[in-house]
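Student: run.cif is reproduced below (mmCIF, C-alpha atoms and all ligand atoms).
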data_query
#
loop_
_atom_site.group_PDB
_atom_site.id
_atom_site.type_symbol
_atom_site.label_atom_id
_atom_site.label_comp_id
_atom_site.auth_asym_id
_atom_site.auth_seq_id
_atom_site.Cartn_x
_atom_site.Cartn_y
_atom_site.Cartn_z
ATOM 1 C CA MET A 11 -19.476 -53.766 -15.160
ATOM 2 C CA PRO A 12 -17.171 -50.795 -15.521
ATOM 3 C CA GLU A 13 -18.722 -47.535 -14.325
ATOM 4 C CA LEU A 14 -17.211 -44.112 -13.607
ATOM 5 C CA PRO A 15 -14.725 -45.204 -10.876
ATOM 6 C CA GLU A 16 -13.479 -48.185 -12.896
ATOM 7 C CA VAL A 17 -13.164 -46.302 -16.197
ATOM 8 C CA GLU A 18 -11.533 -43.277 -14.550
ATOM 9 C CA ALA A 19 -8.988 -45.539 -12.815
ATOM 10 C CA TRP A 20 -8.139 -47.076 -16.216
ATOM 11 C CA ARG A 21 -7.930 -43.622 -17.802
ATOM 12 C CA ARG A 22 -5.374 -42.523 -15.218
ATOM 13 C CA ALA A 23 -3.352 -45.690 -15.691
ATOM 14 C CA LEU A 24 -3.434 -45.455 -19.510
ATOM 15 C CA ASN A 25 -2.804 -41.736 -19.968
ATOM 16 C CA ASP A 26 0.998 -41.844 -19.959
ATOM 17 C CA PRO A 27 1.715 -45.211 -21.617
ATOM 18 C CA VAL A 28 -0.591 -44.665 -24.621
ATOM 19 C CA SER A 29 1.039 -41.314 -25.398
ATOM 20 C CA ALA A 30 4.648 -42.445 -24.989
ATOM 21 C CA PHE A 31 5.166 -43.731 -28.554
ATOM 22 C CA PRO A 32 3.515 -43.346 -31.968
ATOM 23 C CA ILE A 33 1.127 -46.015 -33.254
ATOM 24 C CA VAL A 34 2.696 -48.405 -35.764
ATOM 25 C CA LYS A 35 -0.320 -50.648 -36.385
ATOM 26 C CA ALA A 36 -4.015 -49.988 -35.695
ATOM 27 C CA GLY A 37 -6.204 -53.078 -35.775
ATOM 28 C CA PRO A 38 -7.227 -55.658 -36.579
ATOM 29 C CA ALA A 39 -10.631 -55.163 -35.019
ATOM 30 C CA HIS A 40 -13.522 -57.597 -34.649
ATOM 31 C CA VAL A 41 -16.201 -56.733 -37.207
ATOM 32 C CA ALA A 42 -18.775 -56.220 -34.451
ATOM 33 C CA THR A 43 -16.422 -54.106 -32.325
ATOM 34 C CA LEU A 44 -15.384 -51.466 -34.856
ATOM 35 C CA LYS A 45 -18.412 -49.208 -35.359
ATOM 36 C CA THR A 46 -16.959 -46.882 -38.006
ATOM 37 C CA PHE A 47 -15.306 -47.621 -41.373
ATOM 38 C CA ASP A 48 -14.439 -44.160 -42.697
ATOM 39 C CA PRO A 49 -11.676 -43.185 -42.103
ATOM 40 C CA PRO A 50 -10.022 -46.633 -41.907
ATOM 41 C CA LEU A 51 -8.032 -47.507 -38.782
ATOM 42 C CA SER A 52 -4.816 -47.338 -40.796
ATOM 43 C CA VAL A 53 -4.955 -43.506 -40.725
ATOM 44 C CA LEU A 54 -3.864 -43.805 -37.087
ATOM 45 C CA GLU A 55 -0.560 -45.353 -38.083
ATOM 46 C CA GLY A 56 2.334 -42.968 -37.613
ATOM 47 C CA ARG A 57 0.293 -40.706 -35.327
ATOM 48 C CA ARG A 58 0.729 -40.328 -31.611
ATOM 49 C CA LEU A 59 -2.069 -40.264 -29.042
ATOM 50 C CA ALA A 60 -2.264 -37.216 -26.762
ATOM 51 C CA GLY A 61 -3.336 -39.343 -23.791
ATOM 52 C CA ALA A 62 -6.524 -40.826 -22.374
ATOM 53 C CA GLU A 63 -9.690 -38.910 -21.557
ATOM 54 C CA ARG A 64 -13.023 -40.027 -20.159
ATOM 55 C CA ARG A 65 -16.639 -39.004 -20.621
ATOM 56 C CA ALA A 66 -19.192 -40.935 -18.541
ATOM 57 C CA LYS A 67 -18.285 -44.636 -19.016
ATOM 58 C CA ARG A 68 -16.397 -44.065 -22.276
ATOM 59 C CA LEU A 69 -12.685 -43.660 -22.899
ATOM 60 C CA LEU A 70 -11.400 -41.235 -25.509
ATOM 61 C CA PHE A 71 -7.953 -41.264 -27.061
ATOM 62 C CA PRO A 72 -7.388 -38.099 -29.110
ATOM 63 C CA THR A 73 -4.449 -37.945 -31.507
ATOM 64 C CA ASP A 74 -1.913 -35.264 -30.620
ATOM 65 C CA ASP A 75 -2.423 -33.514 -33.979
ATOM 66 C CA GLY A 76 -6.039 -32.845 -32.913
ATOM 67 C CA GLU A 77 -7.484 -34.499 -36.039
ATOM 68 C CA LEU A 78 -8.930 -37.760 -34.721
ATOM 69 C CA VAL A 79 -10.424 -39.324 -31.610
ATOM 70 C CA LEU A 80 -10.566 -43.028 -30.864
ATOM 71 C CA LEU A 81 -13.620 -43.614 -28.682
ATOM 72 C CA VAL A 82 -13.997 -46.851 -26.690
ATOM 73 C CA HIS A 83 -17.119 -48.058 -24.898
ATOM 74 C CA LEU A 84 -16.477 -51.287 -22.995
ATOM 75 C CA MET A 85 -20.142 -52.023 -22.155
ATOM 76 C CA THR A 86 -20.450 -54.916 -19.680
ATOM 77 C CA ALA A 87 -17.720 -57.369 -20.561
ATOM 78 C CA GLY A 88 -15.076 -55.384 -22.461
ATOM 79 C CA ARG A 89 -11.659 -54.891 -20.889
ATOM 80 C CA LEU A 90 -8.683 -52.807 -21.972
ATOM 81 C CA ARG A 91 -5.144 -53.880 -21.228
ATOM 82 C CA PHE A 92 -1.865 -52.162 -21.862
ATOM 83 C CA LEU A 93 0.851 -54.685 -22.634
ATOM 84 C CA ARG A 94 4.484 -53.703 -22.319
ATOM 85 C CA ALA A 95 6.929 -54.783 -25.025
ATOM 86 C CA GLY A 96 7.336 -58.561 -24.857
ATOM 87 C CA GLU A 97 4.313 -59.091 -22.591
ATOM 88 C CA GLN A 98 1.993 -61.890 -23.778
ATOM 89 C CA GLY A 99 -1.477 -60.791 -24.803
ATOM 90 C CA PRO A 100 -4.607 -62.505 -26.114
ATOM 91 C CA LYS A 101 -4.201 -64.183 -29.521
ATOM 92 C CA VAL A 102 -7.314 -62.649 -31.041
ATOM 93 C CA PRO A 103 -8.264 -59.440 -29.241
ATOM 94 C CA ALA A 104 -11.415 -57.570 -30.266
ATOM 95 C CA PHE A 105 -9.204 -54.582 -31.041
ATOM 96 C CA ARG A 106 -5.510 -53.777 -30.921
ATOM 97 C CA LEU A 107 -3.197 -50.782 -31.193
ATOM 98 C CA ALA A 108 0.519 -51.533 -31.463
ATOM 99 C CA PHE A 109 2.994 -48.816 -30.533
ATOM 100 C CA GLN A 110 6.544 -48.203 -31.657
ATOM 101 C CA GLY A 111 8.853 -50.179 -29.388
ATOM 102 C CA GLY A 112 6.447 -53.112 -29.011
ATOM 103 C CA SER A 113 3.875 -52.088 -26.402
ATOM 104 C CA GLN A 114 0.178 -52.663 -27.197
ATOM 105 C CA LEU A 115 -3.260 -51.554 -26.144
ATOM 106 C CA VAL A 116 -5.691 -54.457 -26.488
ATOM 107 C CA LEU A 117 -9.422 -54.727 -26.004
ATOM 108 C CA THR A 118 -10.838 -58.113 -25.087
ATOM 109 C CA GLU A 119 -14.406 -59.142 -24.453
ATOM 110 C CA ALA A 120 -15.499 -62.293 -22.706
ATOM 111 C CA GLY A 121 -18.420 -64.253 -24.134
ATOM 112 C CA ALA A 122 -19.744 -64.712 -27.641
ATOM 113 C CA LYS A 123 -21.750 -61.484 -27.769
ATOM 114 C CA LYS A 124 -19.586 -58.575 -28.863
ATOM 115 C CA ARG A 125 -21.121 -55.450 -27.405
ATOM 116 C CA ALA A 126 -18.071 -53.297 -26.671
ATOM 117 C CA GLY A 127 -17.413 -50.707 -29.352
ATOM 118 C CA VAL A 128 -14.587 -48.718 -30.914
ATOM 119 C CA TRP A 129 -15.237 -45.619 -33.015
ATOM 120 C CA LEU A 130 -12.668 -43.627 -34.998
ATOM 121 C CA LEU A 131 -14.053 -40.102 -35.280
ATOM 122 C CA THR A 132 -13.180 -36.487 -35.867
ATOM 123 C CA PRO A 133 -13.414 -34.337 -32.716
ATOM 124 C CA GLU A 134 -16.672 -32.864 -34.073
ATOM 125 C CA GLU A 135 -18.171 -36.314 -34.669
ATOM 126 C CA ALA A 136 -17.075 -37.390 -31.187
ATOM 127 C CA GLU A 137 -18.868 -34.403 -29.720
ATOM 128 C CA VAL A 138 -22.083 -35.413 -31.501
ATOM 129 C CA GLU A 139 -21.636 -39.031 -30.376
ATOM 130 C CA LEU A 140 -21.435 -37.851 -26.747
ATOM 131 C CA SER A 141 -23.981 -35.047 -26.916
ATOM 132 C CA HIS A 142 -26.827 -37.038 -25.345
ATOM 133 C CA LEU A 143 -24.929 -37.487 -22.087
ATOM 134 C CA GLY A 144 -25.914 -35.612 -18.946
ATOM 135 C CA PRO A 145 -23.450 -33.931 -16.587
ATOM 136 C CA GLU A 146 -20.693 -36.032 -15.016
ATOM 137 C CA ALA A 147 -21.805 -37.703 -11.777
ATOM 138 C CA LEU A 148 -18.626 -36.959 -9.850
ATOM 139 C CA GLY A 149 -18.720 -33.362 -8.642
ATOM 140 C CA LEU A 150 -22.370 -32.894 -9.721
ATOM 141 C CA GLY A 151 -23.216 -30.868 -6.626
ATOM 142 C CA VAL A 152 -26.382 -30.407 -4.635
ATOM 143 C CA GLU A 153 -27.862 -27.529 -6.680
ATOM 144 C CA ARG A 154 -27.638 -29.335 -9.996
ATOM 145 C CA LEU A 155 -28.967 -32.541 -8.420
ATOM 146 C CA ALA A 156 -31.917 -30.653 -6.906
ATOM 147 C CA GLU A 157 -32.808 -29.367 -10.397
ATOM 148 C CA ILE A 158 -32.546 -32.863 -11.863
ATOM 149 C CA CYS A 159 -34.722 -34.371 -9.135
ATOM 150 C CA ALA A 160 -37.365 -31.665 -9.555
ATOM 151 C CA ASP A 161 -37.378 -31.967 -13.329
ATOM 152 C CA GLU A 162 -39.319 -35.231 -13.556
ATOM 153 C CA SER A 163 -40.593 -37.809 -11.108
ATOM 154 C CA ARG A 164 -38.399 -40.880 -11.396
ATOM 155 C CA ARG A 165 -37.518 -43.777 -9.119
ATOM 156 C CA LEU A 166 -34.047 -43.015 -7.792
ATOM 157 C CA HIS A 167 -32.311 -46.216 -8.914
ATOM 158 C CA SER A 168 -33.544 -45.659 -12.456
ATOM 159 C CA LEU A 169 -32.752 -41.922 -12.418
ATOM 160 C CA LEU A 170 -29.162 -42.447 -11.248
ATOM 161 C CA ARG A 171 -28.516 -44.973 -14.044
ATOM 162 C CA ASP A 172 -29.965 -42.773 -16.802
ATOM 163 C CA GLN A 173 -26.897 -41.522 -18.707
ATOM 164 C CA ARG A 174 -28.906 -38.726 -20.311
ATOM 165 C CA VAL A 175 -29.627 -37.275 -16.881
ATOM 166 C CA ILE A 176 -26.458 -38.056 -14.886
ATOM 167 C CA ALA A 177 -23.469 -39.662 -16.621
ATOM 168 C CA GLY A 178 -21.220 -42.377 -15.229
ATOM 169 C CA ILE A 179 -23.331 -44.391 -12.758
ATOM 170 C CA GLY A 180 -24.560 -47.932 -13.453
ATOM 171 C CA ARG A 181 -26.378 -50.474 -11.331
ATOM 172 C CA ALA A 182 -23.507 -51.307 -8.963
ATOM 173 C CA TRP A 183 -22.709 -47.739 -7.936
ATOM 174 C CA ALA A 184 -26.424 -46.826 -7.839
ATOM 175 C CA ASN A 185 -26.757 -49.507 -5.134
ATOM 176 C CA GLU A 186 -23.757 -48.191 -3.195
ATOM 177 C CA ILE A 187 -24.817 -44.536 -3.484
ATOM 178 C CA LEU A 188 -28.453 -45.068 -2.428
ATOM 179 C CA HIS A 189 -27.384 -47.139 0.551
ATOM 180 C CA HIS A 190 -24.907 -44.465 1.659
ATOM 181 C CA ALA A 191 -27.616 -41.796 1.265
ATOM 182 C CA GLN A 192 -30.098 -43.963 3.224
ATOM 183 C CA LEU A 193 -32.664 -43.629 0.456
ATOM 184 C CA SER A 194 -34.988 -46.240 -1.010
ATOM 185 C CA PRO A 195 -34.154 -47.280 -4.588
ATOM 186 C CA TYR A 196 -37.894 -46.882 -5.316
ATOM 187 C CA ALA A 197 -38.169 -43.377 -3.800
ATOM 188 C CA LEU A 198 -39.468 -40.812 -6.288
ATOM 189 C CA SER A 199 -37.093 -37.994 -7.133
ATOM 190 C CA ARG A 200 -39.727 -35.254 -6.777
ATOM 191 C CA GLU A 201 -40.669 -36.423 -3.315
ATOM 192 C CA LEU A 202 -37.194 -35.924 -1.824
ATOM 193 C CA ASP A 203 -36.877 -33.138 0.737
ATOM 194 C CA PRO A 204 -33.847 -30.787 0.631
ATOM 195 C CA ASP A 205 -32.032 -32.849 3.235
ATOM 196 C CA ASP A 206 -32.508 -36.034 1.145
ATOM 197 C CA VAL A 207 -31.129 -34.266 -1.926
ATOM 198 C CA ARG A 208 -28.135 -32.997 0.031
ATOM 199 C CA ARG A 209 -27.428 -36.534 1.344
ATOM 200 C CA LEU A 210 -27.782 -37.979 -2.149
ATOM 201 C CA ALA A 211 -25.368 -35.422 -3.658
ATOM 202 C CA GLU A 212 -22.873 -36.121 -0.896
ATOM 203 C CA ALA A 213 -23.268 -39.882 -1.382
ATOM 204 C CA ILE A 214 -22.651 -39.621 -5.145
ATOM 205 C CA ASP A 215 -19.346 -37.845 -4.523
ATOM 206 C CA SER A 216 -18.145 -39.867 -1.559
ATOM 207 C CA GLU A 217 -19.041 -43.287 -2.992
ATOM 208 C CA LEU A 218 -17.613 -42.618 -6.465
ATOM 209 C CA SER A 219 -14.455 -41.171 -4.871
ATOM 210 C CA ARG A 220 -14.160 -44.211 -2.609
ATOM 211 C CA GLY A 221 -14.560 -46.486 -5.625
ATOM 212 C CA LEU A 222 -11.990 -44.598 -7.659
ATOM 213 C CA GLU A 223 -9.437 -44.728 -4.865
ATOM 214 C CA LEU A 224 -9.943 -48.481 -4.429
ATOM 215 C CA ARG A 225 -9.851 -49.220 -8.166
ATOM 216 C CA GLU A 226 -6.654 -47.203 -8.559
ATOM 217 C CA ARG A 227 -5.119 -49.525 -5.993
ATOM 218 C CA GLY A 228 -6.360 -52.518 -7.994
ATOM 219 C CA ALA A 229 -9.145 -53.603 -5.611
ATOM 220 C CA ASN A 230 -11.489 -56.284 -6.992
ATOM 221 C CA ASP A 231 -15.317 -56.152 -6.937
ATOM 222 C CA LYS A 232 -15.553 -58.051 -3.668
ATOM 223 C CA LYS A 233 -13.322 -55.545 -1.872
ATOM 224 C CA THR A 234 -14.855 -52.502 -3.579
ATOM 225 C CA TYR A 235 -18.598 -53.051 -3.187
ATOM 226 C CA ARG A 236 -20.251 -53.045 0.231
ATOM 227 C CA VAL A 237 -23.892 -53.503 -0.837
ATOM 228 C CA HIS A 238 -23.903 -54.503 -4.497
ATOM 229 C CA ASP A 239 -23.956 -58.288 -4.951
ATOM 230 C CA LYS A 240 -23.920 -58.819 -1.146
ATOM 231 C CA LEU A 241 -27.238 -60.664 -0.738
ATOM 232 C CA GLY A 242 -27.659 -61.940 2.834
ATOM 233 C CA GLN A 243 -24.430 -60.395 4.077
ATOM 234 C CA PRO A 244 -24.659 -58.003 7.040
ATOM 235 C CA CYS A 245 -25.155 -54.309 6.191
ATOM 236 C CA TYR A 246 -21.942 -52.447 7.018
ATOM 237 C CA VAL A 247 -23.937 -49.852 8.959
ATOM 238 C CA CYS A 248 -26.591 -51.795 10.906
ATOM 239 C CA GLY A 249 -25.883 -55.518 10.391
ATOM 240 C CA THR A 250 -29.258 -56.314 8.764
ATOM 241 C CA PRO A 251 -28.876 -58.837 5.919
ATOM 242 C CA ILE A 252 -28.696 -57.090 2.537
ATOM 243 C CA ALA A 253 -31.821 -57.768 0.457
ATOM 244 C CA ARG A 254 -32.341 -57.992 -3.288
ATOM 245 C CA VAL A 255 -35.209 -57.059 -5.584
ATOM 246 C CA ASP A 256 -35.696 -57.154 -9.327
ATOM 247 C CA PHE A 257 -36.599 -53.820 -10.863
ATOM 248 C CA GLU A 258 -37.038 -53.293 -14.601
ATOM 249 C CA GLU A 259 -34.180 -55.338 -16.084
ATOM 250 C CA HIS A 260 -31.887 -54.876 -13.080
ATOM 251 C CA THR A 261 -31.297 -56.473 -9.735
ATOM 252 C CA ILE A 262 -31.138 -53.979 -6.880
ATOM 253 C CA TYR A 263 -29.368 -54.639 -3.579
ATOM 254 C CA TYR A 264 -30.375 -52.622 -0.497
ATOM 255 C CA CYS A 265 -30.618 -52.641 3.292
ATOM 256 C CA PRO A 266 -34.246 -52.843 4.454
ATOM 257 C CA GLU A 267 -33.295 -51.250 7.780
ATOM 258 C CA CYS A 268 -31.199 -48.304 6.505
ATOM 259 C CA GLN A 269 -33.090 -47.543 3.314
ATOM 260 C CA THR A 270 -36.736 -48.577 3.361
ATOM 261 C CA GLY A 271 -37.815 -48.307 7.009
ATOM 262 C CA GLY A 272 -37.889 -52.088 7.406
ATOM 263 C CA ARG A 273 -40.067 -52.649 4.338
ATOM 264 C CA VAL A 274 -39.184 -55.345 1.828
ATOM 265 C CA LEU A 275 -39.467 -54.026 -1.747
ATOM 266 C CA LYS A 276 -41.745 -55.741 -4.244
ATOM 267 C CA ASP A 277 -40.465 -57.231 -7.453
ATOM 268 C CA ARG A 278 -41.007 -54.873 -10.395
ATOM 269 C CA ARG A 279 -39.422 -56.797 -13.187
ATOM 270 C CA LEU A 280 -40.604 -55.667 -16.605
ATOM 271 C CA SER A 281 -41.442 -59.250 -17.544
ATOM 272 C CA ARG A 282 -43.705 -59.489 -14.519
ATOM 273 C CA LEU A 283 -45.365 -56.151 -15.193
ATOM 274 C CA LEU A 284 -46.056 -57.159 -18.776
ATOM 275 C CA ARG A 285 -47.635 -60.481 -17.890
HETATM 276 ZN ZN ZN B 301 -28.346 -51.223 7.230
#
Write the structure described by the file as structure tokens, please.

Tutor:
Amino acid sequence: MPELPEVEAWRRALNDPVSAFPIVKAGPAHVATLKTFDPPLSVLEGRRLAGAERRAKRLLFPTDDGELVLLVHLMTAGRLRFLRAGEQGPKVPAFRLAFQGGSQLVLTEAGAKKRAGVWLLTPEEAEVELSHLGPEALGLGVERLAEICADESRRLHSLLRDQRVIAGIGRAWANEILHHAQLSPYALSRELDPDDVRRLAEAIDSELSRGLELRERGANDKKTYRVHDKLGQPCYVCGTPIARVDFEEHTIYYCPECQTGGRVLKDRRLSRLLR
């Protein structure tokens, strides 16, 4: 599940190679992957990309003439790869850009469900497409976070994942951040004291920065996460086995000693609540 650290690491890696040569062939694209049809992808041919940008969990590739933006959202299973000239790629990628000289940018998606998306937009349309997003999580700061927490009463795990409120965090980094801040995933945002908010703001920055540094070095999930997906493994702070609870449609991982005062959280799956 690519979140801010993963997508930002890819952005940094892609920025130079995608802008090195003009595009010679845009597409083909899987019918479910390409979300726009006007203008057609072929208008990219002959143009050069200015580089790679990121907003929340999306990648943006503006053309260097400032007329178009290719927007990519990888969702859960989408992956982008840059293939050098001669390097073997997938036979049928969900989307492909071929550059002069033979390099390629390819999007693949595991599984039958195609959820990743590619949009070809004008800069104005791209702005509209991204307008619902809240401020970037990295560098948010304690004052802005205090305002967000006071704005409405939300459970922290849910608040951190809400892209309209804070952009870039998903379930994995919400687990890592809340553990680092020593806060319960079920704690209500309005009930945090100033010290809690300060710890949470610090944890957002330090955990996302840690993730970005690891991902830039190519670290896998197992090496990157310390709490997420670590059921039963000792907490890296206190040694208590990491616990798991279902909340809404997500599975939360947490340390009962560090985060919930020894309490085990109750299952709050939507399916259970609706029964
Ligand atoms: Zn612990």

Student: Applied to this file, what does the PyMOL selection byres (((chain A and resi 260-277) around 12) and not hetatm) return in terms of residues, put as a PyMOL selection string?

Tutor: chain A and resi 166-168+171+180-197+206+235-259+278-283

Student: Enumerate, as number ranges by chain, the residues matched when the PyMOL selection byres (((chain A and resi 64) around 12) and not hetatm) is run on the file above.

Tutor: A: 13-22, 24-25, 61-63, 65-72, 79-83, 140, 146, 177-178

Student: Between A:Leu130, A:Ile179, A:Val102, A:Arg220, which has the minimum distance to Leu78 (chain A) (counting all atoms listed in the file)?

Tutor: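 Of the candidates, the smallest distance to Leu78 (chain A) is held by A:Leu130.
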
Student: Mind giving me the straight-line distance from CA of Gly144 (chain A) to CA of Ile158 (chain A) in Å, one decimal?

Tutor: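 Atom-to-atom, CA of Gly144 (chain A) and CA of Ile158 (chain A) are spaced 10.1 Å apart.
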
Student: Expanded to explicit residues, what is the PyMOL selection byres (((chain A and resi 151) around 12) and not hetatm) for this file, as a VMD selection string?

Tutor: chain A and resid 145 to 150 152 to 158 176 207 to 216

Student: May I ask for the distance between CA of Thr73 (chain A) and CA of Arg58 (chain A), given in Å to one decimal place?

Tutor: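 Pair CA of Thr73 (chain A) / CA of Arg58 (chain A) returns 5.7 Å.
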
Student: Enter the distance from CA of Glu77 (chain A) to CA of Pro38 (chain A), in Å, rounded to one decimal.

Tutor: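 Spanning CA of Glu77 (chain A) to CA of Pro38 (chain A) is a straight-line distance of 21.2 Å.
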
Student: Here is a test: counting only C-alpha atoms, which residue of A:Ala95, A:Leu218, A:Leu115, A:Ala229 is nearest to Gly37 (chain A)?

Tutor: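 The shortest atom-to-atom distance to Gly37 (chain A) comes from A:Leu115.
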
Student: Counting only C-alpha atoms, figure out which residue out of A:Leu224, A:Val34, A:Leu117, A:Val138 gets nearest to Ala104 (chain A).

Tutor: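 That would be A:Leu117, the residue with the smallest distance to Ala104 (chain A).
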
Student: Tell me which protein, DNA and RNA residues are within 9 Å of Arg125 (chain A), counting only C-alpha atoms, leaving out same-chain ones fewer than 2 positions away, and put them as a VMD selection string.

Tutor: chain A and resid 42 to 43 83 to 88 119 123 127

Student: Taking all atoms listed in the file into account, which of A:Asn230, A:Thr46, A:Pro12, A:Leu169 comes nearest Glu139 (chain A)?

Tutor: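 The answer is A:Thr46, which sits nearest to Glu139 (chain A).
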
Student: Which one of A:Lys233, A:Glu55, A:Pro27, A:Glu134 sits closest to Phe92 (chain A) if you count all atoms listed in the file?

Tutor: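 Ranking A:Lys233, A:Glu55, A:Pro27, A:Glu134 by distance to Phe92 (chain A), first place goes to A:Pro27.
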